[in-house]
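Q: The following file, target.pdb, comprises PDB, C-alpha atoms:
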ATOM      1  CA  MET A   1      36.143  55.187  79.860  1.00  0.00           C
ATOM      2  CA  GLU A   2      34.742  52.912  82.580  1.00  0.00           C
ATOM      3  CA  GLY A   3      34.328  49.413  81.241  1.00  0.00           C
ATOM      4  CA  VAL A   4      36.284  50.094  78.041  1.00  0.00           C
ATOM      5  CA  LYS A   5      38.921  47.456  77.338  1.00  0.00           C
ATOM      6  CA  ASN A   6      39.394  47.887  73.594  1.00  0.00           C
ATOM      7  CA  LEU A   7      40.147  50.907  71.403  1.00  0.00           C
ATOM      8  CA  ILE A   8      39.598  51.027  67.645  1.00  0.00           C
ATOM      9  CA  ILE A   9      41.451  54.085  66.370  1.00  0.00           C
ATOM     10  CA  ASP A  10      41.147  55.837  63.017  1.00  0.00           C
ATOM     11  CA  LEU A  11      44.215  57.016  61.082  1.00  0.00           C
ATOM     12  CA  GLY A  12      43.483  60.152  59.042  1.00  0.00           C
ATOM     13  CA  GLY A  13      42.148  63.063  61.084  1.00  0.00           C
ATOM     14  CA  VAL A  14      42.704  61.250  64.391  1.00  0.00           C
ATOM     15  CA  LEU A  15      46.391  60.336  64.258  1.00  0.00           C
ATOM     16  CA  VAL A  16      47.592  61.894  60.999  1.00  0.00           C
ATOM     17  CA  ASN A  17      46.588  65.496  60.345  1.00  0.00           C
ATOM     18  CA  LEU A  18      45.102  65.857  56.871  1.00  0.00           C
ATOM     19  CA  THR A  19      45.746  68.610  54.316  1.00  0.00           C
ATOM     20  CA  ARG A  20      42.995  68.040  51.746  1.00  0.00           C
ATOM     21  CA  ASN A  21      43.315  71.400  49.999  1.00  0.00           C
ATOM     22  CA  ARG A  22      47.019  70.876  49.391  1.00  0.00           C
ATOM     23  CA  CYS A  23      46.200  67.521  47.766  1.00  0.00           C
ATOM     24  CA  VAL A  24      43.413  68.977  45.617  1.00  0.00           C
ATOM     25  CA  GLU A  25      45.651  71.806  44.425  1.00  0.00           C
ATOM     26  CA  ALA A  26      48.427  69.348  43.594  1.00  0.00           C
ATOM     27  CA  PHE A  27      46.123  67.264  41.403  1.00  0.00           C
ATOM     28  CA  GLU A  28      44.699  70.373  39.769  1.00  0.00           C
ATOM     29  CA  GLY A  29      48.270  71.329  38.918  1.00  0.00           C
ATOM     30  CA  LEU A  30      48.576  67.979  37.143  1.00  0.00           C
ATOM     31  CA  GLY A  31      45.526  68.687  34.986  1.00  0.00           C
ATOM     32  CA  MET A  32      42.762  67.006  37.020  1.00  0.00           C
ATOM     33  CA  THR A  33      40.070  69.648  36.631  1.00  0.00           C
ATOM     34  CA  ASN A  34      37.261  67.933  38.609  1.00  0.00           C
ATOM     35  CA  VAL A  35      39.354  66.508  41.419  1.00  0.00           C
ATOM     36  CA  ARG A  36      37.762  68.797  44.029  1.00  0.00           C
ATOM     37  CA  GLU A  37      34.543  66.804  43.603  1.00  0.00           C
ATOM     38  CA  LEU A  38      36.329  63.480  44.116  1.00  0.00           C
ATOM     39  CA  ILE A  39      38.638  64.014  47.087  1.00  0.00           C
ATOM     40  CA  SER A  40      36.403  64.176  50.113  1.00  0.00           C
ATOM     41  CA  ASN A  41      36.868  66.066  53.345  1.00  0.00           C
ATOM     42  CA  THR A  42      34.401  63.732  55.057  1.00  0.00           C
ATOM     43  CA  TYR A  43      34.510  59.993  55.640  1.00  0.00           C
ATOM     44  CA  ARG A  44      35.309  58.392  52.247  1.00  0.00           C
ATOM     45  CA  GLN A  45      36.579  59.295  48.813  1.00  0.00           C
ATOM     46  CA  LYS A  46      34.700  59.113  45.517  1.00  0.00           C
ATOM     47  CA  ASP A  47      35.106  57.498  42.110  1.00  0.00           C
ATOM     48  CA  LEU A  48      38.605  56.130  41.382  1.00  0.00           C
ATOM     49  CA  PHE A  49      39.924  57.350  44.744  1.00  0.00           C
ATOM     50  CA  GLU A  50      37.259  55.308  46.522  1.00  0.00           C
ATOM     51  CA  ARG A  51      38.034  52.291  44.342  1.00  0.00           C
ATOM     52  CA  LEU A  52      41.685  52.594  45.323  1.00  0.00           C
ATOM     53  CA  GLU A  53      40.711  52.659  49.001  1.00  0.00           C
ATOM     54  CA  MET A  54      38.398  49.681  48.534  1.00  0.00           C
ATOM     55  CA  GLY A  55      41.208  47.761  46.877  1.00  0.00           C
ATOM     56  CA  THR A  56      39.126  47.127  43.764  1.00  0.00           C
ATOM     57  CA  ILE A  57      41.770  48.717  41.523  1.00  0.00           C
ATOM     58  CA  SER A  58      45.532  48.369  41.783  1.00  0.00           C
ATOM     59  CA  VAL A  59      47.996  51.206  42.196  1.00  0.00           C
ATOM     60  CA  ARG A  60      49.048  50.648  38.585  1.00  0.00           C
ATOM     61  CA  GLN A  61      45.446  51.003  37.392  1.00  0.00           C
ATOM     62  CA  PHE A  62      45.078  54.124  39.524  1.00  0.00           C
ATOM     63  CA  HIS A  63      48.144  55.684  37.904  1.00  0.00           C
ATOM     64  CA  GLU A  64      46.908  54.858  34.414  1.00  0.00           C
ATOM     65  CA  GLU A  65      43.459  56.351  35.052  1.00  0.00           C
ATOM     66  CA  ILE A  66      44.949  59.547  36.473  1.00  0.00           C
ATOM     67  CA  ARG A  67      47.116  59.872  33.350  1.00  0.00           C
ATOM     68  CA  GLU A  68      44.098  59.298  31.122  1.00  0.00           C
ATOM     69  CA  ARG A  69      41.941  61.859  32.945  1.00  0.00           C
ATOM     70  CA  SER A  70      44.664  64.480  33.082  1.00  0.00           C
ATOM     71  CA  GLY A  71      45.614  64.032  29.444  1.00  0.00           C
ATOM     72  CA  ARG A  72      49.279  64.216  30.430  1.00  0.00           C
ATOM     73  CA  ALA A  73      52.187  61.788  30.450  1.00  0.00           C
ATOM     74  CA  LEU A  74      52.571  61.995  34.219  1.00  0.00           C
ATOM     75  CA  THR A  75      55.075  59.835  36.051  1.00  0.00           C
ATOM     76  CA  ASP A  76      54.035  57.525  38.852  1.00  0.00           C
ATOM     77  CA  GLU A  77      56.103  59.703  41.175  1.00  0.00           C
ATOM     78  CA  GLN A  78      54.206  62.863  40.209  1.00  0.00           C
ATOM     79  CA  ILE A  79      50.877  61.167  40.851  1.00  0.00           C
ATOM     80  CA  ASP A  80      51.973  59.689  44.160  1.00  0.00           C
ATOM     81  CA  ALA A  81      53.358  63.036  45.341  1.00  0.00           C
ATOM     82  CA  ALA A  82      50.031  64.745  44.624  1.00  0.00           C
ATOM     83  CA  TRP A  83      48.092  62.046  46.462  1.00  0.00           C
ATOM     84  CA  ILE A  84      50.489  61.994  49.413  1.00  0.00           C
ATOM     85  CA  ALA A  85      50.003  65.769  49.731  1.00  0.00           C
ATOM     86  CA  MET A  86      46.813  64.798  51.604  1.00  0.00           C
ATOM     87  CA  LEU A  87      48.968  63.693  54.539  1.00  0.00           C
ATOM     88  CA  GLY A  88      50.171  66.304  56.982  1.00  0.00           C
ATOM     89  CA  ASP A  89      52.006  65.106  60.076  1.00  0.00           C
ATOM     90  CA  LEU A  90      51.606  62.626  62.904  1.00  0.00           C
ATOM     91  CA  PRO A  91      52.551  64.460  66.112  1.00  0.00           C
ATOM     92  CA  GLU A  92      55.098  62.641  68.242  1.00  0.00           C
ATOM     93  CA  ASN A  93      52.947  63.025  71.347  1.00  0.00           C
ATOM     94  CA  LYS A  94      50.277  60.838  69.709  1.00  0.00           C
ATOM     95  CA  LEU A  95      52.826  58.121  69.010  1.00  0.00           C
ATOM     96  CA  ARG A  96      53.896  58.199  72.645  1.00  0.00           C
ATOM     97  CA  LEU A  97      50.234  58.041  73.682  1.00  0.00           C
ATOM     98  CA  LEU A  98      49.643  54.990  71.476  1.00  0.00           C
ATOM     99  CA  LEU A  99      52.479  53.158  73.189  1.00  0.00           C
ATOM    100  CA  LYS A 100      50.995  53.964  76.600  1.00  0.00           C
ATOM    101  CA  LEU A 101      47.510  52.962  75.474  1.00  0.00           C
ATOM    102  CA  ARG A 102      48.718  49.586  74.292  1.00  0.00           C
ATOM    103  CA  GLU A 103      49.925  48.820  77.817  1.00  0.00           C
ATOM    104  CA  ARG A 104      46.407  49.229  79.215  1.00  0.00           C
ATOM    105  CA  TYR A 105      44.008  48.567  76.318  1.00  0.00           C
ATOM    106  CA  ALA A 106      43.734  46.258  73.344  1.00  0.00           C
ATOM    107  CA  THR A 107      44.349  48.833  70.606  1.00  0.00           C
ATOM    108  CA  PHE A 108      43.506  48.432  66.935  1.00  0.00           C
ATOM    109  CA  LEU A 109      43.872  50.630  63.871  1.00  0.00           C
ATOM    110  CA  LEU A 110      40.911  50.785  61.466  1.00  0.00           C
ATOM    111  CA  SER A 111      41.296  53.069  58.471  1.00  0.00           C
ATOM    112  CA  ASN A 112      39.706  53.845  55.141  1.00  0.00           C
ATOM    113  CA  THR A 113      43.010  54.122  53.317  1.00  0.00           C
ATOM    114  CA  ASN A 114      44.965  52.919  50.310  1.00  0.00           C
ATOM    115  CA  GLU A 115      48.270  51.273  49.533  1.00  0.00           C
ATOM    116  CA  ILE A 116      50.048  54.501  48.536  1.00  0.00           C
ATOM    117  CA  HIS A 117      49.069  56.375  51.681  1.00  0.00           C
ATOM    118  CA  TRP A 118      49.634  53.448  53.996  1.00  0.00           C
ATOM    119  CA  ASN A 119      53.125  52.684  52.697  1.00  0.00           C
ATOM    120  CA  TRP A 120      54.053  56.352  53.144  1.00  0.00           C
ATOM    121  CA  VAL A 121      52.613  56.606  56.642  1.00  0.00           C
ATOM    122  CA  GLU A 122      54.147  53.322  57.740  1.00  0.00           C
ATOM    123  CA  GLU A 123      57.609  54.286  56.517  1.00  0.00           C
ATOM    124  CA  ARG A 124      57.649  57.977  57.491  1.00  0.00           C
ATOM    125  CA  PHE A 125      55.568  58.186  60.656  1.00  0.00           C
ATOM    126  CA  PHE A 126      55.525  54.823  62.439  1.00  0.00           C
ATOM    127  CA  SER A 127      59.308  54.347  62.327  1.00  0.00           C
ATOM    128  CA  TYR A 128      59.426  56.312  65.589  1.00  0.00           C
ATOM    129  CA  GLN A 129      62.345  55.199  67.805  1.00  0.00           C
ATOM    130  CA  GLY A 130      63.080  52.280  65.494  1.00  0.00           C
ATOM    131  CA  LEU A 131      59.585  50.837  65.876  1.00  0.00           C
ATOM    132  CA  PHE A 132      57.152  49.624  63.240  1.00  0.00           C
ATOM    133  CA  ALA A 133      53.419  50.242  62.803  1.00  0.00           C
ATOM    134  CA  ARG A 134      52.625  46.813  64.236  1.00  0.00           C
ATOM    135  CA  ASP A 135      54.342  47.815  67.486  1.00  0.00           C
ATOM    136  CA  PHE A 136      51.655  50.418  68.207  1.00  0.00           C
ATOM    137  CA  PHE A 137      48.578  48.193  67.737  1.00  0.00           C
ATOM    138  CA  ARG A 138      47.450  44.666  68.460  1.00  0.00           C
ATOM    139  CA  LYS A 139      46.223  44.462  64.866  1.00  0.00           C
ATOM    140  CA  ILE A 140      45.837  46.781  61.878  1.00  0.00           C
ATOM    141  CA  TYR A 141      42.740  46.778  59.643  1.00  0.00           C
ATOM    142  CA  LEU A 142      42.919  48.643  56.328  1.00  0.00           C
ATOM    143  CA  SER A 143      40.032  49.132  53.909  1.00  0.00           C
ATOM    144  CA  TYR A 144      42.019  48.383  50.759  1.00  0.00           C
ATOM    145  CA  GLU A 145      43.038  44.997  52.181  1.00  0.00           C
ATOM    146  CA  LEU A 146      39.587  44.127  53.543  1.00  0.00           C
ATOM    147  CA  HIS A 147      37.621  45.452  50.525  1.00  0.00           C
ATOM    148  CA  MET A 148      35.258  47.119  52.999  1.00  0.00           C
ATOM    149  CA  GLN A 149      34.937  50.690  54.219  1.00  0.00           C
ATOM    150  CA  LYS A 150      33.522  52.615  57.144  1.00  0.00           C
ATOM    151  CA  PRO A 151      30.718  53.408  57.838  1.00  0.00           C
ATOM    152  CA  ASP A 152      29.454  50.093  56.425  1.00  0.00           C
ATOM    153  CA  PRO A 153      28.484  47.961  59.441  1.00  0.00           C
ATOM    154  CA  CYS A 154      30.207  44.944  57.908  1.00  0.00           C
ATOM    155  CA  ILE A 155      33.683  46.356  58.530  1.00  0.00           C
ATOM    156  CA  PHE A 156      32.978  47.010  62.215  1.00  0.00           C
ATOM    157  CA  THR A 157      31.411  43.567  62.597  1.00  0.00           C
ATOM    158  CA  TYR A 158      34.437  42.030  60.910  1.00  0.00           C
ATOM    159  CA  VAL A 159      36.849  43.702  63.342  1.00  0.00           C
ATOM    160  CA  LEU A 160      34.767  42.780  66.382  1.00  0.00           C
ATOM    161  CA  ASN A 161      34.550  39.148  65.299  1.00  0.00           C
ATOM    162  CA  ASP A 162      38.117  38.831  64.089  1.00  0.00           C
ATOM    163  CA  ALA A 163      39.551  40.262  67.315  1.00  0.00           C
ATOM    164  CA  SER A 164      36.939  38.587  69.566  1.00  0.00           C
ATOM    165  CA  LEU A 165      35.809  41.907  71.034  1.00  0.00           C
ATOM    166  CA  LEU A 166      32.605  42.661  72.911  1.00  0.00           C
ATOM    167  CA  PRO A 167      30.969  45.821  71.504  1.00  0.00           C
ATOM    168  CA  GLU A 168      30.101  47.165  74.953  1.00  0.00           C
ATOM    169  CA  GLU A 169      33.790  46.978  75.940  1.00  0.00           C
ATOM    170  CA  THR A 170      34.976  48.723  72.778  1.00  0.00           C
ATOM    171  CA  MET A 171      35.366  52.393  71.880  1.00  0.00           C
ATOM    172  CA  LEU A 172      35.855  53.826  68.388  1.00  0.00           C
ATOM    173  CA  ILE A 173      37.895  57.024  68.099  1.00  0.00           C
ATOM    174  CA  ASP A 174      37.078  58.463  64.672  1.00  0.00           C
ATOM    175  CA  ASP A 175      36.780  61.939  63.169  1.00  0.00           C
ATOM    176  CA  ALA A 176      33.638  61.183  61.113  1.00  0.00           C
ATOM    177  CA  SER A 177      30.269  61.383  62.852  1.00  0.00           C
ATOM    178  CA  VAL A 178      28.735  58.865  60.443  1.00  0.00           C
ATOM    179  CA  ASN A 179      31.368  56.298  61.444  1.00  0.00           C
ATOM    180  CA  CYS A 180      30.749  56.957  65.125  1.00  0.00           C
ATOM    181  CA  ARG A 181      26.999  56.504  64.672  1.00  0.00           C
ATOM    182  CA  ALA A 182      27.529  53.230  62.836  1.00  0.00           C
ATOM    183  CA  ALA A 183      29.708  51.937  65.672  1.00  0.00           C
ATOM    184  CA  GLU A 184      27.192  53.024  68.301  1.00  0.00           C
ATOM    185  CA  GLU A 185      24.405  51.190  66.475  1.00  0.00           C
ATOM    186  CA  LEU A 186      26.427  48.008  66.998  1.00  0.00           C
ATOM    187  CA  GLY A 187      26.687  48.686  70.722  1.00  0.00           C
ATOM    188  CA  MET A 188      30.117  50.275  70.779  1.00  0.00           C
ATOM    189  CA  ARG A 189      31.016  53.611  72.328  1.00  0.00           C
ATOM    190  CA  SER A 190      32.598  56.360  70.271  1.00  0.00           C
ATOM    191  CA  TYR A 191      34.473  59.634  70.482  1.00  0.00           C
ATOM    192  CA  MET A 192      34.881  62.102  67.610  1.00  0.00           C
ATOM    193  CA  PRO A 193      37.951  64.367  67.940  1.00  0.00           C
ATOM    194  CA  GLN A 194      37.971  67.746  66.225  1.00  0.00           C
ATOM    195  CA  PRO A 195      40.628  68.420  63.537  1.00  0.00           C
ATOM    196  CA  GLY A 196      44.036  68.638  65.149  1.00  0.00           C
ATOM    197  CA  GLU A 197      42.670  67.780  68.609  1.00  0.00           C
ATOM    198  CA  ASP A 198      44.962  66.243  71.201  1.00  0.00           C
ATOM    199  CA  TRP A 199      42.518  63.651  72.515  1.00  0.00           C
ATOM    200  CA  SER A 200      44.848  62.404  75.244  1.00  0.00           C
ATOM    201  CA  HIS A 201      42.448  64.053  77.756  1.00  0.00           C
ATOM    202  CA  LEU A 202      40.339  60.901  77.410  1.00  0.00           C
ATOM    203  CA  PHE A 203      43.076  59.081  79.326  1.00  0.00           C
ATOM    204  CA  PRO A 204      44.195  61.405  82.134  1.00  0.00           C
ATOM    205  CA  GLU A 205      45.719  58.504  84.030  1.00  0.00           C
ATOM    206  CA  LEU A 206      48.209  57.955  81.184  1.00  0.00           C
ATOM    207  CA  VAL A 207      49.207  61.553  80.542  1.00  0.00           C
ATOM    208  CA  ASP A 208      52.304  62.904  82.272  1.00  0.00           C
TER     209      ASP A 208
END
Mind turning the file's structure into structure tokens?
A:
Amino acid sequence: MEGVKNLIIDLGGVLVNLTRNRCVEAFEGLGMTNVRELISNTYRQKDLFERLEMGTISVRQFHEEIRERSGRALTDEQIDAAWIAMLGDLPENKLRLLLKLRERYATFLLSNTNEIHWNWVEERFFSYQGLFARDFFRKIYLSYELHMQKPDPCIFTYVLNDASLLPEETMLIDDASVNCRAAEELGMRSYMPQPGEDWSHLFPELVD
């Protein structure tokens, strides 16, 4: 970590544990027969799920297309519940670590995510000890708001420029190797945690 002043941290798979199979099974139960091909276990979704995470369709349009593809009169709540089934938990020790990291580093969140997931995560997970998501990071960057996604270099360049960061002083913590490679090509450092990993060992000076 020598020379690192800035941390760009991913959400799903790094902070929030993901439960893809539970999500796939939930959509299959709603009549989405090909959903296994669309919900990725890698770095970005496909088809309408990707469009939702790029912010090129609204939540309302997403609901309508799911209803059309399933052939059922599904409620918005049924659709949202199936999609939210992707989200497991955010361990409390990671929230405590984020608060410690912010004292020493400029910390940023950068996520390929969507409005439904983000609203859920913000309300359910980042309300720790009466705090808000913005209390854990200097700034939050979300794909559906930026209309860009990792691993496209443009999203990393945008964050670096917007936050006035030097690449050589910046580390990306992300669970997708393709995202880490893209960051490294721009001169950043990277670390790829394994699923469920407690990556606090990167910061032994901060761990009790």
Q: Within 12 Å of A:Val35, counting only C-alpha atoms, which residues qualify if same-chain residues fewer than 6 places away don't, as a compact mmCIF listing (two decimals) with C-alpha atoms, in the coordinates of the input?
A:
# COMPACT_ATOMS: atom_id res chain seq x y z
CA ARG A 20 43.00 68.04 51.75
CA ASN A 21 43.32 71.40 50.00
CA ARG A 22 47.02 70.88 49.39
CA CYS A 23 46.20 67.52 47.77
CA VAL A 24 43.41 68.98 45.62
CA GLU A 25 45.65 71.81 44.42
CA ALA A 26 48.43 69.35 43.59
CA PHE A 27 46.12 67.26 41.40
CA GLU A 28 44.70 70.37 39.77
CA GLY A 29 48.27 71.33 38.92
CA GLN A 45 36.58 59.30 48.81
CA LYS A 46 34.70 59.11 45.52
CA ASP A 47 35.11 57.50 42.11
CA LEU A 48 38.60 56.13 41.38
CA PHE A 49 39.92 57.35 44.74
CA ILE A 66 44.95 59.55 36.47
CA ARG A 69 41.94 61.86 32.94
CA SER A 70 44.66 64.48 33.08
CA ALA A 82 50.03 64.74 44.62
CA TRP A 83 48.09 62.05 46.46
Q: I would like the residues chosen by the PyMOL selection byres ((chain A and resi 90) around 7) on the shown file; could you give them as a list of chain:residue names?
A: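 With the shown file as input, the PyMOL selection byres ((chain A and resi 90) around 7) matches A:Leu15, A:Val16, A:Asn17, A:Asp89, A:Pro91, A:Glu92, A:Phe125.
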Q: Take atom CA of A:Ser143 and atom CA of A:Leu74 and report the distance between them in Å, one decimal.
A: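 According to the coordinates, atom CA of A:Ser143 and atom CA of A:Leu74 are separated by 26.7 Å.
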Q: I need the residue set behind the PyMOL selection byres ((chain A and resi 7) around 8) for this file; please write it as a VMD selection string.
A: chain A and resid 4 to 6 8 to 9 105 to 108 170 to 173
Q: Could you check the closest approach to A:Gly31 for each of A:Asn119, A:Ser177, A:Asn161, A:Gln78 and tell me which residue wins, using all atoms listed in the file?
A: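 Among the listed residues, A:Gln78 lies closest to A:Gly31.
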Q: Got a sec to resolve the PyMOL selection byres ((chain A and resi 56-63) around 9) on this structure and send the residues as a list in words?
A: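 For this structure, the PyMOL selection byres ((chain A and resi 56-63) around 9) captures Leu48, Phe49, Glu50, Arg51, Leu52, Glu53, Met54, Gly55, Glu64, Glu65, Ile66, Arg67, Glu68, Leu74, Thr75, Asp76, Ile79, Asp80, Asn114, Glu115, Ile116, Tyr144 and His147 of chain A.
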Q: Between atom CA of A:Leu11 and atom CA of A:Asp174, what is the distance, to one decimal in Å?
A: 8.1 Å
Q: Using atom CA of A:Arg104 and atom CA of A:Leu206 as the two end points, give the distance in Å to one decimal.
A: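 Between these atoms lies a distance of 9.1 Å.
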Q: With distances taken over only C-alpha atoms, which residue among A:Asn93, A:Ser127, A:Ser190, A:Thr33 lies nearest A:Asp175?
A: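 Using only C-alpha atoms, A:Asp175 sits closest to A:Ser190.
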Q: Between A:Ile39, A:Leu30, A:Ser111, A:Leu142, which has the minimum distance to A:Arg72 (counting all atoms listed in the file)?
A: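 With all atoms listed in the file as the atom set, the closest residue is A:Leu30.
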Q: Point out the residue among A:Ser200, A:Asn34, A:Asn112, A:Asn179 with the least atom-to-atom distance to A:Gln149, counting all atoms listed in the file.
A: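 Among A:Ser200, A:Asn34, A:Asn112, A:Asn179, it is A:Asn112 that comes nearest to A:Gln149.
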Q: Tell me which protein, DNA and RNA residues are within 10 Å of A:Phe156, counting all atoms listed in the file, leaving out same-chain ones fewer than 4 positions away, and put them as number ranges by chain.
A: A: 8, 110, 148-152, 160-162, 167, 172, 179, 182-183, 186, 188
Q: From the options A:Glu37, A:Glu145, A:Asp135, A:Glu169, which residue's atoms come nearest to A:Arg96, counting all atoms listed in the file?
A: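 Selected residue with least distance to A:Arg96: A:Asp135.
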Q: Draw an axis-aligned box over all listed atoms of stretch 99-118 of chain A, pad each side with 3 Å, and write its centre and edge lengths in Å, one decimal, as lines of an AutoDock Vina configuration file.
A:
center_x = 46.1
center_y = 51.3
center_z = 63.9
size_x = 18.8
size_y = 16.1
size_z = 36.7
